[in-house]
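Peer 1: I am sharing protein08.cif, which consists of mmCIF, C-alpha atoms:
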```
data_start
#
loop_
_atom_site.label_atom_id
_atom_site.label_comp_id
_atom_site.auth_asym_id
_atom_site.auth_seq_id
_atom_site.Cartn_x
_atom_site.Cartn_y
_atom_site.Cartn_z
CA MET A 1 -217.35 162.98 94.14
CA THR A 2 -219.85 160.45 95.48
CA GLN A 3 -219.90 156.88 94.26
CA PRO A 4 -223.08 157.29 92.14
CA ASP A 5 -221.56 160.39 90.56
CA SER A 6 -218.36 158.56 89.64
CA VAL A 7 -220.44 155.77 88.11
CA LEU A 8 -222.41 158.25 86.03
CA LYS A 9 -219.18 159.87 84.91
CA GLN A 10 -217.76 156.49 83.94
CA LEU A 11 -220.86 155.73 81.93
CA VAL A 12 -220.05 158.38 79.32
CA ALA A 13 -216.30 158.73 79.77
CA ALA A 14 -215.16 157.14 76.55
CA ALA A 15 -217.06 158.88 73.79
CA THR A 16 -216.11 162.19 72.20
CA TRP A 17 -218.45 164.81 70.80
CA GLN A 18 -217.93 166.93 67.71
CA PRO A 19 -220.61 169.60 67.36
CA ASP A 20 -221.94 170.28 63.88
CA TRP A 21 -224.55 173.01 63.81
CA GLN A 22 -224.61 173.16 60.03
CA ALA A 23 -225.70 169.52 59.95
CA VAL A 24 -228.54 170.30 62.36
CA LEU A 25 -229.71 173.12 60.10
CA VAL A 26 -229.64 170.81 57.10
CA ARG A 27 -231.72 168.24 58.98
CA ALA A 28 -234.18 170.94 59.95
CA GLY A 29 -234.42 172.17 56.36
CA ILE A 30 -233.14 175.63 57.32
CA LEU A 31 -229.78 175.79 55.62
CA GLN A 32 -231.02 175.60 52.06
CA ARG A 33 -233.49 178.40 52.66
CA ARG A 34 -230.81 180.57 54.18
CA ARG A 35 -228.43 180.03 51.26
CA LEU A 36 -231.11 181.12 48.83
CA LEU A 37 -231.75 184.22 50.88
CA THR A 38 -228.05 185.06 50.94
CA ARG A 39 -227.83 184.69 47.18
CA ARG A 40 -230.78 187.02 46.72
CA ARG A 41 -229.25 189.63 49.00
CA LEU A 42 -225.98 189.39 47.13
CA VAL A 43 -227.67 190.20 43.85
CA VAL A 44 -229.34 193.27 45.31
CA ALA A 45 -226.09 194.43 46.84
CA VAL A 46 -224.18 194.22 43.58
CA VAL A 47 -226.80 196.21 41.73
CA VAL A 48 -226.93 198.99 44.29
CA ALA A 49 -223.18 199.04 44.74
CA VAL A 50 -222.69 200.38 41.26
CA ALA A 51 -224.60 203.52 42.17
CA VAL A 52 -223.50 204.23 45.72
CA ILE A 53 -220.42 202.32 46.49
CA VAL A 54 -219.18 203.95 49.68
CA PRO A 55 -222.38 203.93 51.74
CA LEU A 56 -223.12 200.40 50.63
CA THR A 57 -219.72 199.18 51.71
CA ALA A 58 -220.33 200.62 55.13
CA ALA A 59 -223.80 199.15 55.30
CA ALA A 60 -222.61 195.78 54.14
CA ALA A 61 -219.89 195.74 56.75
CA ALA A 62 -222.36 196.67 59.44
CA ARG A 63 -224.61 193.75 58.54
CA ASP A 64 -221.83 191.28 57.99
CA TRP A 65 -221.92 189.60 61.37
CA TRP A 66 -222.97 186.04 61.98
CA PHE A 67 -225.78 187.08 64.31
CA PHE A 68 -227.40 189.22 61.65
CA ARG A 69 -227.34 186.24 59.34
CA THR A 70 -229.21 184.33 62.03
CA PRO A 71 -232.96 184.85 62.04
CA GLY A 72 -234.32 186.35 65.21
CA SER A 73 -231.35 188.47 66.20
CA PRO A 74 -232.45 191.83 67.58
CA THR A 75 -232.15 194.80 65.29
CA GLN A 76 -229.29 197.15 66.04
CA THR A 77 -229.77 200.78 67.00
CA SER A 78 -226.18 201.40 65.98
CA SER A 79 -223.53 199.26 64.34
CA PRO A 80 -221.83 196.49 66.28
CA VAL A 81 -218.39 197.40 67.57
CA VAL A 82 -215.39 195.20 68.20
CA VAL A 83 -214.79 195.69 71.91
CA LYS A 84 -211.71 193.52 72.24
CA THR A 85 -209.73 190.85 70.43
CA GLY A 86 -207.32 188.28 71.75
CA ILE A 87 -205.73 184.86 71.51
CA TRP A 88 -206.20 182.00 73.96
CA GLU A 89 -204.21 178.81 73.55
CA GLY A 90 -203.61 179.68 69.91
CA HIS A 91 -207.28 180.45 69.22
CA ARG A 92 -208.13 183.95 68.12
CA TRP A 93 -211.35 185.53 69.36
CA LYS A 94 -213.28 188.71 69.02
CA LEU A 95 -215.73 190.33 71.45
CA VAL A 96 -218.40 192.26 69.59
CA ALA A 97 -221.33 194.18 71.04
CA TYR A 98 -224.17 196.39 69.92
CA PRO A 99 -227.20 198.15 71.39
CA SER A 100 -230.42 196.62 70.15
CA GLU A 101 -233.91 197.98 69.64
CA THR A 102 -235.67 195.36 71.72
CA ASP A 103 -233.29 193.39 73.93
CA GLY A 104 -230.85 195.87 75.40
CA LEU A 105 -227.15 195.23 74.95
CA CYS A 106 -226.16 192.27 72.78
CA VAL A 107 -222.74 190.72 73.31
CA SER A 108 -221.19 188.14 71.03
CA MET A 109 -218.08 186.06 71.36
CA ILE A 110 -216.73 185.11 67.94
CA PRO A 111 -213.89 182.63 67.50
CA GLY A 112 -211.28 183.19 64.80
CA SER A 113 -210.21 186.31 63.01
CA GLY A 114 -213.09 186.32 60.55
CA ASP A 115 -216.80 186.16 61.17
CA SER A 116 -217.56 182.47 61.25
CA SER A 117 -220.58 181.51 63.28
CA PHE A 118 -218.90 178.23 64.18
CA GLY A 119 -218.42 178.25 67.92
CA ALA A 120 -219.85 181.76 68.24
CA ALA A 121 -222.38 182.72 70.88
CA MET A 122 -224.44 185.75 71.71
CA GLY A 123 -226.53 186.97 74.60
CA CYS A 124 -228.59 190.10 75.14
CA GLY A 125 -229.78 191.85 78.27
CA PRO A 126 -231.01 195.24 79.45
CA VAL A 127 -227.80 196.55 80.97
CA GLU A 128 -227.49 199.87 82.78
CA GLY A 129 -225.62 202.38 80.65
CA VAL A 130 -227.20 201.31 77.36
CA ALA A 131 -230.12 203.48 76.32
CA ARG A 132 -233.58 201.96 76.20
CA THR A 133 -235.73 202.46 73.14
CA ALA A 134 -239.49 202.62 72.75
CA GLN A 135 -239.35 199.00 71.62
CA THR A 136 -237.24 197.70 74.49
CA LYS A 137 -239.07 194.78 76.02
CA PRO A 138 -240.66 195.47 79.38
CA GLY A 139 -239.57 193.57 82.43
CA ALA A 140 -236.03 193.29 83.67
CA ASP A 141 -234.21 196.58 83.46
CA GLY A 142 -231.03 198.10 84.66
CA MET A 143 -228.86 195.04 85.19
CA LYS A 144 -225.55 196.17 86.61
CA ILE A 145 -223.60 193.08 85.65
CA THR A 146 -224.34 189.96 83.68
CA TYR A 147 -222.46 187.38 81.72
CA LEU A 148 -222.26 185.08 78.73
CA ALA A 149 -220.28 181.90 79.27
CA GLY A 150 -219.21 179.20 76.86
CA SER A 151 -217.97 175.64 77.25
CA ALA A 152 -214.67 174.64 75.70
CA THR A 153 -214.90 173.78 72.00
CA SER A 154 -212.43 172.95 69.27
CA VAL A 155 -212.20 176.65 68.48
CA LEU A 156 -212.21 178.27 71.93
CA PRO A 157 -211.46 177.30 75.51
CA ALA A 158 -214.16 177.85 78.13
CA TYR A 159 -214.74 181.49 78.95
CA ILE A 160 -216.93 184.02 80.69
CA VAL A 161 -217.52 187.51 79.33
CA GLY A 162 -219.94 190.28 80.08
CA PRO A 163 -220.81 193.91 80.58
CA VAL A 164 -220.75 195.72 83.89
CA ILE A 165 -221.61 199.26 84.97
CA GLU A 166 -218.98 201.86 84.27
CA SER A 167 -218.07 202.42 87.93
CA ALA A 168 -216.69 198.87 88.13
CA ALA A 169 -212.90 198.80 87.84
CA THR A 170 -212.58 195.07 88.36
CA VAL A 171 -214.82 192.04 88.28
CA ALA A 172 -214.63 189.09 90.65
CA ILE A 173 -215.97 185.75 89.50
CA ARG A 174 -216.62 183.19 92.22
CA LEU A 175 -216.69 179.66 90.85
CA SER A 176 -218.73 177.02 92.61
CA ASP A 177 -215.54 175.19 93.55
CA GLY A 178 -214.62 178.16 95.75
CA ILE A 179 -212.03 179.74 93.46
CA THR A 180 -212.37 183.46 92.80
CA ILE A 181 -211.02 184.99 89.61
CA ASP A 182 -210.32 188.72 89.55
CA THR A 183 -210.03 190.58 86.29
CA PRO A 184 -209.84 194.24 85.29
CA THR A 185 -212.64 195.75 83.28
CA PHE A 186 -212.09 197.64 80.05
CA THR A 187 -213.92 200.25 78.04
CA ALA A 188 -215.78 199.89 74.77
CA PRO A 189 -215.92 202.30 71.86
CA PHE A 190 -218.82 204.73 71.37
CA PRO A 191 -221.80 204.22 71.67
CA LEU A 192 -221.05 201.69 74.40
CA ASP A 193 -218.74 204.00 76.29
CA HIS A 194 -220.99 204.04 79.36
CA VAL A 195 -220.54 200.32 79.95
CA ARG A 196 -217.39 198.42 80.75
CA PHE A 197 -216.64 194.82 79.88
CA TYR A 198 -214.69 191.93 81.33
CA ILE A 199 -213.55 188.68 79.79
CA VAL A 200 -211.73 185.72 81.27
CA GLN A 201 -210.68 182.36 79.97
CA LEU A 202 -211.62 179.57 82.36
CA PRO A 203 -208.59 177.30 82.34
CA GLY A 204 -209.21 173.70 83.24
CA LYS A 205 -212.94 174.00 82.62
CA ALA A 206 -214.50 171.99 79.82
CA ALA A 207 -218.24 172.30 80.29
CA VAL A 208 -219.68 175.47 81.73
CA HIS A 209 -223.13 175.52 83.30
CA LEU A 210 -225.14 178.02 85.27
CA SER A 211 -223.97 176.19 88.38
CA THR A 212 -220.32 176.78 87.45
CA PHE A 213 -220.57 180.27 88.93
CA ASP A 214 -221.71 181.22 92.42
CA TRP A 215 -221.63 184.90 91.63
CA VAL A 216 -220.07 187.62 89.52
CA ALA A 217 -219.43 191.02 91.08
CA GLY A 218 -218.25 194.39 89.87
CA LEU A 219 -215.95 196.29 92.26
CA ASP A 220 -215.07 199.96 92.15
CA GLN A 221 -211.59 201.47 92.54
CA SER A 222 -211.72 201.08 96.31
CA GLY A 223 -212.76 197.42 96.12
CA ARG A 224 -216.37 198.05 97.09
CA VAL A 225 -218.98 195.82 95.44
CA VAL A 226 -221.09 197.96 93.11
CA ALA A 227 -222.73 195.25 91.00
CA CYS A 228 -223.73 191.71 91.85
CA LEU A 229 -225.33 188.74 90.18
CA ALA A 230 -225.55 185.70 92.43
CA ARG A 231 -226.88 182.29 91.51
CA THR A 232 -228.90 181.78 94.63
CA SER A 233 -230.48 185.19 95.00
CA SER A 234 -231.39 187.19 91.97
CA THR A 235 -234.53 188.79 90.66
CA ASN A 236 -234.60 189.58 86.96
CA GLY A 237 -230.83 189.26 86.84
CA ILE A 238 -230.19 191.63 89.74
CA SER A 239 -228.92 190.52 93.14
CA PRO A 240 -228.41 192.46 96.36
CA LEU A 241 -224.81 193.56 96.71
CA SER A 242 -224.55 191.56 99.93
CA ALA A 243 -224.99 188.32 97.95
CA CYS A 244 -221.52 188.73 96.42
CA HIS A 245 -219.23 188.10 99.38
CA MET B 1 -228.97 183.36 88.27
CA PRO B 2 -230.17 184.39 84.85
CA ALA B 3 -227.18 185.17 82.67
CA MET B 4 -227.59 187.31 79.56
CA ARG B 5 -230.91 186.33 78.14
CA PRO B 6 -230.37 184.74 74.76
CA ARG B 7 -231.90 187.23 72.38
CA GLY B 8 -234.82 187.38 70.12
CA GLY B 9 -235.88 184.42 68.07
CA THR B 10 -236.15 180.86 69.23
CA LEU B 11 -233.89 179.64 66.43
CA THR B 12 -231.03 181.78 67.64
CA ARG B 13 -231.60 180.67 71.22
CA ILE B 14 -231.54 177.06 70.08
CA GLU B 15 -228.27 177.71 68.27
CA VAL B 16 -226.73 179.30 71.36
CA LEU B 17 -227.94 176.35 73.42
CA TYR B 18 -226.40 173.95 70.93
CA ARG B 19 -223.10 175.77 70.85
CA ASN B 20 -222.87 175.98 74.61
CA ARG B 21 -224.42 172.70 75.70
CA SER B 22 -224.57 170.12 72.92
CA ARG B 23 -221.72 168.22 74.57
CA ASP B 24 -223.86 167.85 77.70
CA PHE B 25 -226.87 166.77 75.64
CA PHE B 26 -224.62 164.20 73.97
CA ARG B 27 -223.49 162.81 77.33
CA PHE B 28 -227.13 162.69 78.41
CA ALA B 29 -228.16 160.88 75.23
CA LEU B 30 -225.20 158.53 75.52
CA ALA B 31 -226.17 157.61 79.06
CA ARG B 32 -229.71 156.87 77.88
CA THR B 33 -228.82 154.86 74.81
CA GLY B 34 -225.41 153.47 75.66
CA ASN B 35 -224.41 153.88 72.04
CA PRO B 36 -222.28 156.85 70.88
CA GLU B 37 -223.57 156.75 67.31
CA LEU B 38 -227.18 156.66 68.42
CA ALA B 39 -226.47 159.38 70.94
CA ARG B 40 -224.90 161.66 68.30
CA ASP B 41 -227.83 161.06 66.02
CA ALA B 42 -230.31 161.70 68.82
CA VAL B 43 -228.76 165.07 69.66
CA GLN B 44 -228.59 166.21 66.03
CA GLU B 45 -232.12 164.99 65.34
CA GLY B 46 -233.46 166.37 68.61
CA PHE B 47 -232.12 169.85 67.90
CA ALA B 48 -233.38 169.66 64.31
CA ARG B 49 -236.85 168.74 65.57
CA ALA B 50 -236.69 171.60 68.06
CA ILE B 51 -235.94 173.98 65.19
CA LYS B 52 -238.77 172.62 63.08
CA ALA B 53 -241.22 172.90 65.96
CA ARG B 54 -239.85 176.16 67.37
CA ARG B 55 -243.02 178.11 66.74
CA GLY B 56 -244.74 175.75 69.15
CA PHE B 57 -242.38 176.76 71.94
CA ARG B 58 -244.48 179.08 74.05
CA GLY B 59 -241.64 180.38 76.13
CA THR B 60 -243.43 179.70 79.38
CA GLY B 61 -240.97 177.00 80.43
CA SER B 62 -237.27 176.57 79.93
CA LEU B 63 -235.93 176.22 76.39
CA ASP B 64 -233.36 173.72 77.68
CA ALA B 65 -236.14 171.49 79.00
CA TRP B 66 -238.09 171.78 75.78
CA VAL B 67 -235.08 170.82 73.67
CA ALA B 68 -234.28 167.99 76.09
CA ARG B 69 -237.75 166.60 75.42
CA CYS B 70 -237.01 166.73 71.70
CA VAL B 71 -233.73 164.88 72.24
CA ILE B 72 -235.42 162.27 74.43
CA ASN B 73 -238.11 161.69 71.81
CA ALA B 74 -235.52 161.46 69.04
CA ALA B 75 -233.47 158.99 71.08
CA HIS B 76 -236.54 156.91 71.72
CA ASP B 77 -237.48 156.81 68.02
CA LEU B 78 -233.94 155.94 66.96
CA VAL B 79 -233.71 153.14 69.50
CA VAL B 80 -237.03 151.73 68.36
CA GLN B 81 -235.81 151.92 64.76
CA GLU B 82 -232.78 149.95 65.85
CA GLY B 83 -235.09 147.18 66.90
CA ARG B 84 -234.79 147.52 70.63
CA ALA B 85 -237.95 147.44 72.68
CA ASN B 86 -237.31 150.81 74.27
CA ASP B 87 -234.52 153.21 75.06
CA SER B 88 -234.32 152.26 78.70
CA ASP B 89 -232.65 149.08 77.53
CA ALA B 90 -229.31 150.80 76.99
CA ASP B 91 -226.47 148.71 75.74
CA TRP B 92 -223.33 150.34 77.09
CA ALA B 93 -221.21 147.41 75.96
CA ARG B 94 -221.08 149.05 72.54
CA THR B 95 -218.91 151.90 73.69
CA ASN B 96 -215.79 150.76 71.94
CA GLY B 97 -214.03 148.83 74.61
CA ALA B 98 -214.13 151.71 77.03
CA ALA B 99 -217.48 150.66 78.37
CA PRO B 100 -218.21 150.72 82.05
CA ASP B 101 -217.84 147.37 83.66
CA ASP B 102 -220.70 144.95 84.08
CA ALA B 103 -221.28 145.91 87.67
CA VAL B 104 -221.83 149.55 86.80
CA ARG B 105 -224.11 148.65 83.94
CA ALA B 106 -226.10 146.35 86.16
CA ALA B 107 -226.46 149.01 88.83
CA ILE B 108 -227.72 151.60 86.36
CA LYS B 109 -230.00 149.15 84.62
CA ALA B 110 -231.53 148.12 87.92
CA LEU B 111 -232.96 151.61 88.39
CA PRO B 112 -236.58 152.18 87.38
CA PRO B 113 -236.69 154.15 84.10
CA ARG B 114 -238.16 157.28 85.72
CA GLN B 115 -235.45 157.38 88.37
CA ARG B 116 -232.80 156.90 85.73
CA GLU B 117 -234.24 159.71 83.62
CA VAL B 118 -234.34 162.16 86.53
CA LEU B 119 -230.82 161.21 87.57
CA PHE B 120 -229.45 161.66 84.06
CA LEU B 121 -231.14 165.04 83.58
CA ARG B 122 -229.73 166.24 86.86
CA PHE B 123 -226.22 164.89 86.42
CA TYR B 124 -225.48 165.36 82.72
CA LEU B 125 -227.58 168.42 81.94
CA ASP B 126 -227.33 170.01 85.38
CA PHE B 127 -231.06 170.74 85.26
CA ASP B 128 -232.70 172.19 88.33
CA TYR B 129 -235.84 170.57 89.70
CA ALA B 130 -238.14 172.86 87.74
CA ALA B 131 -236.43 172.04 84.45
CA ILE B 132 -236.55 168.31 85.21
CA ALA B 133 -240.24 168.55 86.04
CA ASP B 134 -240.80 170.51 82.85
CA THR B 135 -238.87 168.02 80.73
CA LEU B 136 -240.62 164.95 82.08
CA ASP B 137 -243.98 166.63 82.63
CA ILE B 138 -244.12 165.62 86.26
CA GLU B 139 -244.87 167.51 89.45
CA LEU B 140 -242.04 169.55 90.92
CA GLY B 141 -242.42 167.77 94.24
CA THR B 142 -241.96 164.41 92.57
CA VAL B 143 -238.52 165.35 91.26
CA SER B 144 -236.82 165.65 94.62
CA ALA B 145 -238.21 162.38 95.91
CA THR B 146 -237.38 160.54 92.70
CA LEU B 147 -233.86 161.90 92.62
CA HIS B 148 -233.31 160.96 96.23
CA SER B 149 -234.61 157.44 95.59
CA ALA B 150 -232.43 157.09 92.49
CA ARG B 151 -229.26 158.09 94.30
CA ALA B 152 -230.08 155.86 97.25
CA ALA B 153 -230.92 152.90 95.01
CA LEU B 154 -227.80 153.36 92.91
CA GLY B 155 -225.62 153.71 96.00
CA GLN B 156 -227.15 150.59 97.51
CA ALA B 157 -226.77 148.59 94.31
CA LEU B 158 -223.12 149.58 94.04
CA LYS B 159 -222.54 148.70 97.67
CA GLU B 160 -224.01 145.26 97.11
CA ILE B 161 -221.84 144.74 94.05
CA VAL B 162 -218.70 145.68 95.98
CA THR B 163 -219.52 143.45 98.95
#
```
Go ahead and render the structure in this file as structure tokens.
Peer 2:
Amino acid sequence: MTQPDSVLKQLVAAATWQPDWQAVLVRAGILQRRRLLTRRRLVVAVVVAVAVIVPLTAAAAARDWWFFRTPGSPTQTSSPVVVKTGIWEGHRWKLVAYPSETDGLCVSMIPGSGDSSFGAAMGCGPVEGVARTAQTKPGADGMKITYLAGSATSVLPAYIVGPVIESAATVAIRLSDGITIDTPTFTAPFPLDHVRFYIVQLPGKAAVHLSTFDWVAGLDQSGRVVACLARTSSTNGISPLSACH
Amino acid sequence: MPAMRPRGGTLTRIEVLYRNRSRDFFRFALARTGNPELARDAVQEGFARAIKARRGFRGTGSLDAWVARCVINAAHDLVVQEGRANDSDADWARTNGAAPDDAVRAAIKALPPRQREVLFLRFYLDFDYAAIADTLDIELGTVSATLHSARAALGQALKEIVT
């Protein structure tokens, strides 16, 4: 670390940060509106539930994810599925994904065993193996690997997660400090059974930025690179395979 | 390297940005104001303003840069409310006894405000040149030169303090 860098680090070393998204929403005047909306939905649900209890239960469960309570989330083409669950450093997490009408595959990392939006994150991208729809946005298409990464919070350590094409048996993640992390990929339930996923905790990392990663690569059974996303050479989220070496 | 594009609406993208990067925005605001309470307030207020004004985000530039502008404006307003002339007059002595020493403060304070701003955006928010240019509404070519000057000036100031 250069001297100016160590000075800049020293400048902010002492203070701690506690995120509070709910407080931001209150300041912005959003939270109250959302609560009213939720109450209205609840009333409708109770009324309908008397008549058709089983379908409604299923529908309610399908909609009961934090991202669907967040305005602007892409509409699903089929229900979100829990791809994997786990525990890191005592923190439970859940990886949930669904195919969307407009934005390709949406992947969400949700801390805890419930469905709290606190500390949750979601990203969407047109990934190969997830069917396009007539409404899928034009532009980038057929990404073979991508990622969603989160900084360490009070509810989750830093992590990287993402989808990769189904021929990838492992994923290699090259950090900018030269370390490479290898991790096996795993399958997802139908209808995401033509995509595989990977997820890795990033021990010792607090803040995660785009520059944290040099590249992420999917490798097939024989160790050949079949998918690549490199920081320095990518077009619409796709890099030449040669960039991941 | 574009990671998964945060989906759909601007509000959700702002939330994802907050969840992933509010700590960095806080460090940025803290460096600018020198006061943790002001910095916390600036980040919360900046994100709230970004939400309120989200329909004005055209999506042509980076959302990070746009929110950073909101945080900078909020920090500026809060500092002015505090009675300081401007937010470049950071008072790091308030950081609860863990403040950087006088020499460090002097070295940072000696930088021209624009150089300081570019340096902070680069270091704390890890912005690339395009995002810095977007945030500060300056030419892309100016960013590199300003950053170089800032690092050189800071290095020189620190060298003089040591010797």
Peer 1: At a cut-off of 6 Å, which residues of chain A touch chain B? Count all atoms listed in the file and give the answer as a PyMOL selection string.
Peer 2: chain A and resi 4+11-12+14+24+27-28+72-74+121+123-125+146-148+150-151+230-231+234+237
Peer 1: May I have the residues within 8 Å of Arg174 of chain A as a VMD selection string, using only C-alpha atoms and disregarding those fewer than 5 positions away in the same chain?
Peer 2: chain A and resid 179 to 181 213 to 216
Peer 1: Taking 6 positions as the minimum chain separation for residues in the same chain, which residues sit within 9 Å of Leu156 of chain A when counting all atoms listed in the file? Answer as a PyMOL selection string.
Peer 2: chain A and resi 88-93+111-112+119+150
Peer 1: Could you check the closest approach to Leu63 of chain B for each of B:Ile14, B:Ala75, B:Val118, B:Ala145 and tell me which residue wins, using only C-alpha atoms?
Peer 2: B:Ile14
Peer 1: Quick one: apply the PyMOL selection byres ((chain A and resi 220-222) around 7) to the file and drop the selected residues here as a VMD selection string.
Peer 2: chain A and resid 167 to 170 218 to 219 223 to 226
Peer 1: Could you tell me how far atom CA of Trp66 of chain A sits from atom CA of Thr133 of chain A, in Å to one decimal place?
Peer 2: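 Between these atoms lies a distance of 23.6 Å.
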Peer 1: Using Å and a single decimal, report how far atom CA of Pro157 of chain A sits from atom CA of Ser100 of chain A.
Peer 2: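 So the answer is 27.6 Å.
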Peer 1: Expressed in Å to a single decimal, how great is the separation between atom CA of Val81 of chain A and atom CA of Leu229 of chain A?
Peer 2: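 Atom-to-atom, atom CA of Val81 of chain A and atom CA of Leu229 of chain A are spaced 25.2 Å apart.
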Peer 1: Using only C-alpha atoms, which residue out of B:Ser144, B:Thr135, B:Asn73, B:Gln115 lies closest to Thr33 of chain B?
Peer 2: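 The answer is B:Asn73, which sits nearest to Thr33 of chain B.
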Peer 1: Name the residues captured by the PyMOL selection byres ((chain B and resi 131) around 9) when it is applied to the shown file; answer as a ChimeraX atom specification.
Peer 2: /B:61-62,64-66,121,127-130,132-136,140
Peer 1: Write out as a PyMOL selection string each polymer residue whose atoms come within 10 Å of Ser108 of chain A, counting only C-alpha atoms; drop sequence neighbours fewer than 5 positions from it.
Peer 2: chain A and resi 65-67+80+82-83+94-98+120-124+148+161-162
Peer 1: On this structure, which residues satisfy the PyMOL selection byres ((chain A and resi 166) around 12), written as a ChimeraX atom specification?
Peer 2: /A:127-130,144-145,163-165,167-171,184-188,192-198,218-221,226-227
Peer 1: Kindly indicate which residue among A:Pro19, A:Gly86, A:Gly204, A:Gly142 lies nearest to Asn236 of chain A, using all atoms listed in the file for the distances.
Peer 2: A:Gly142
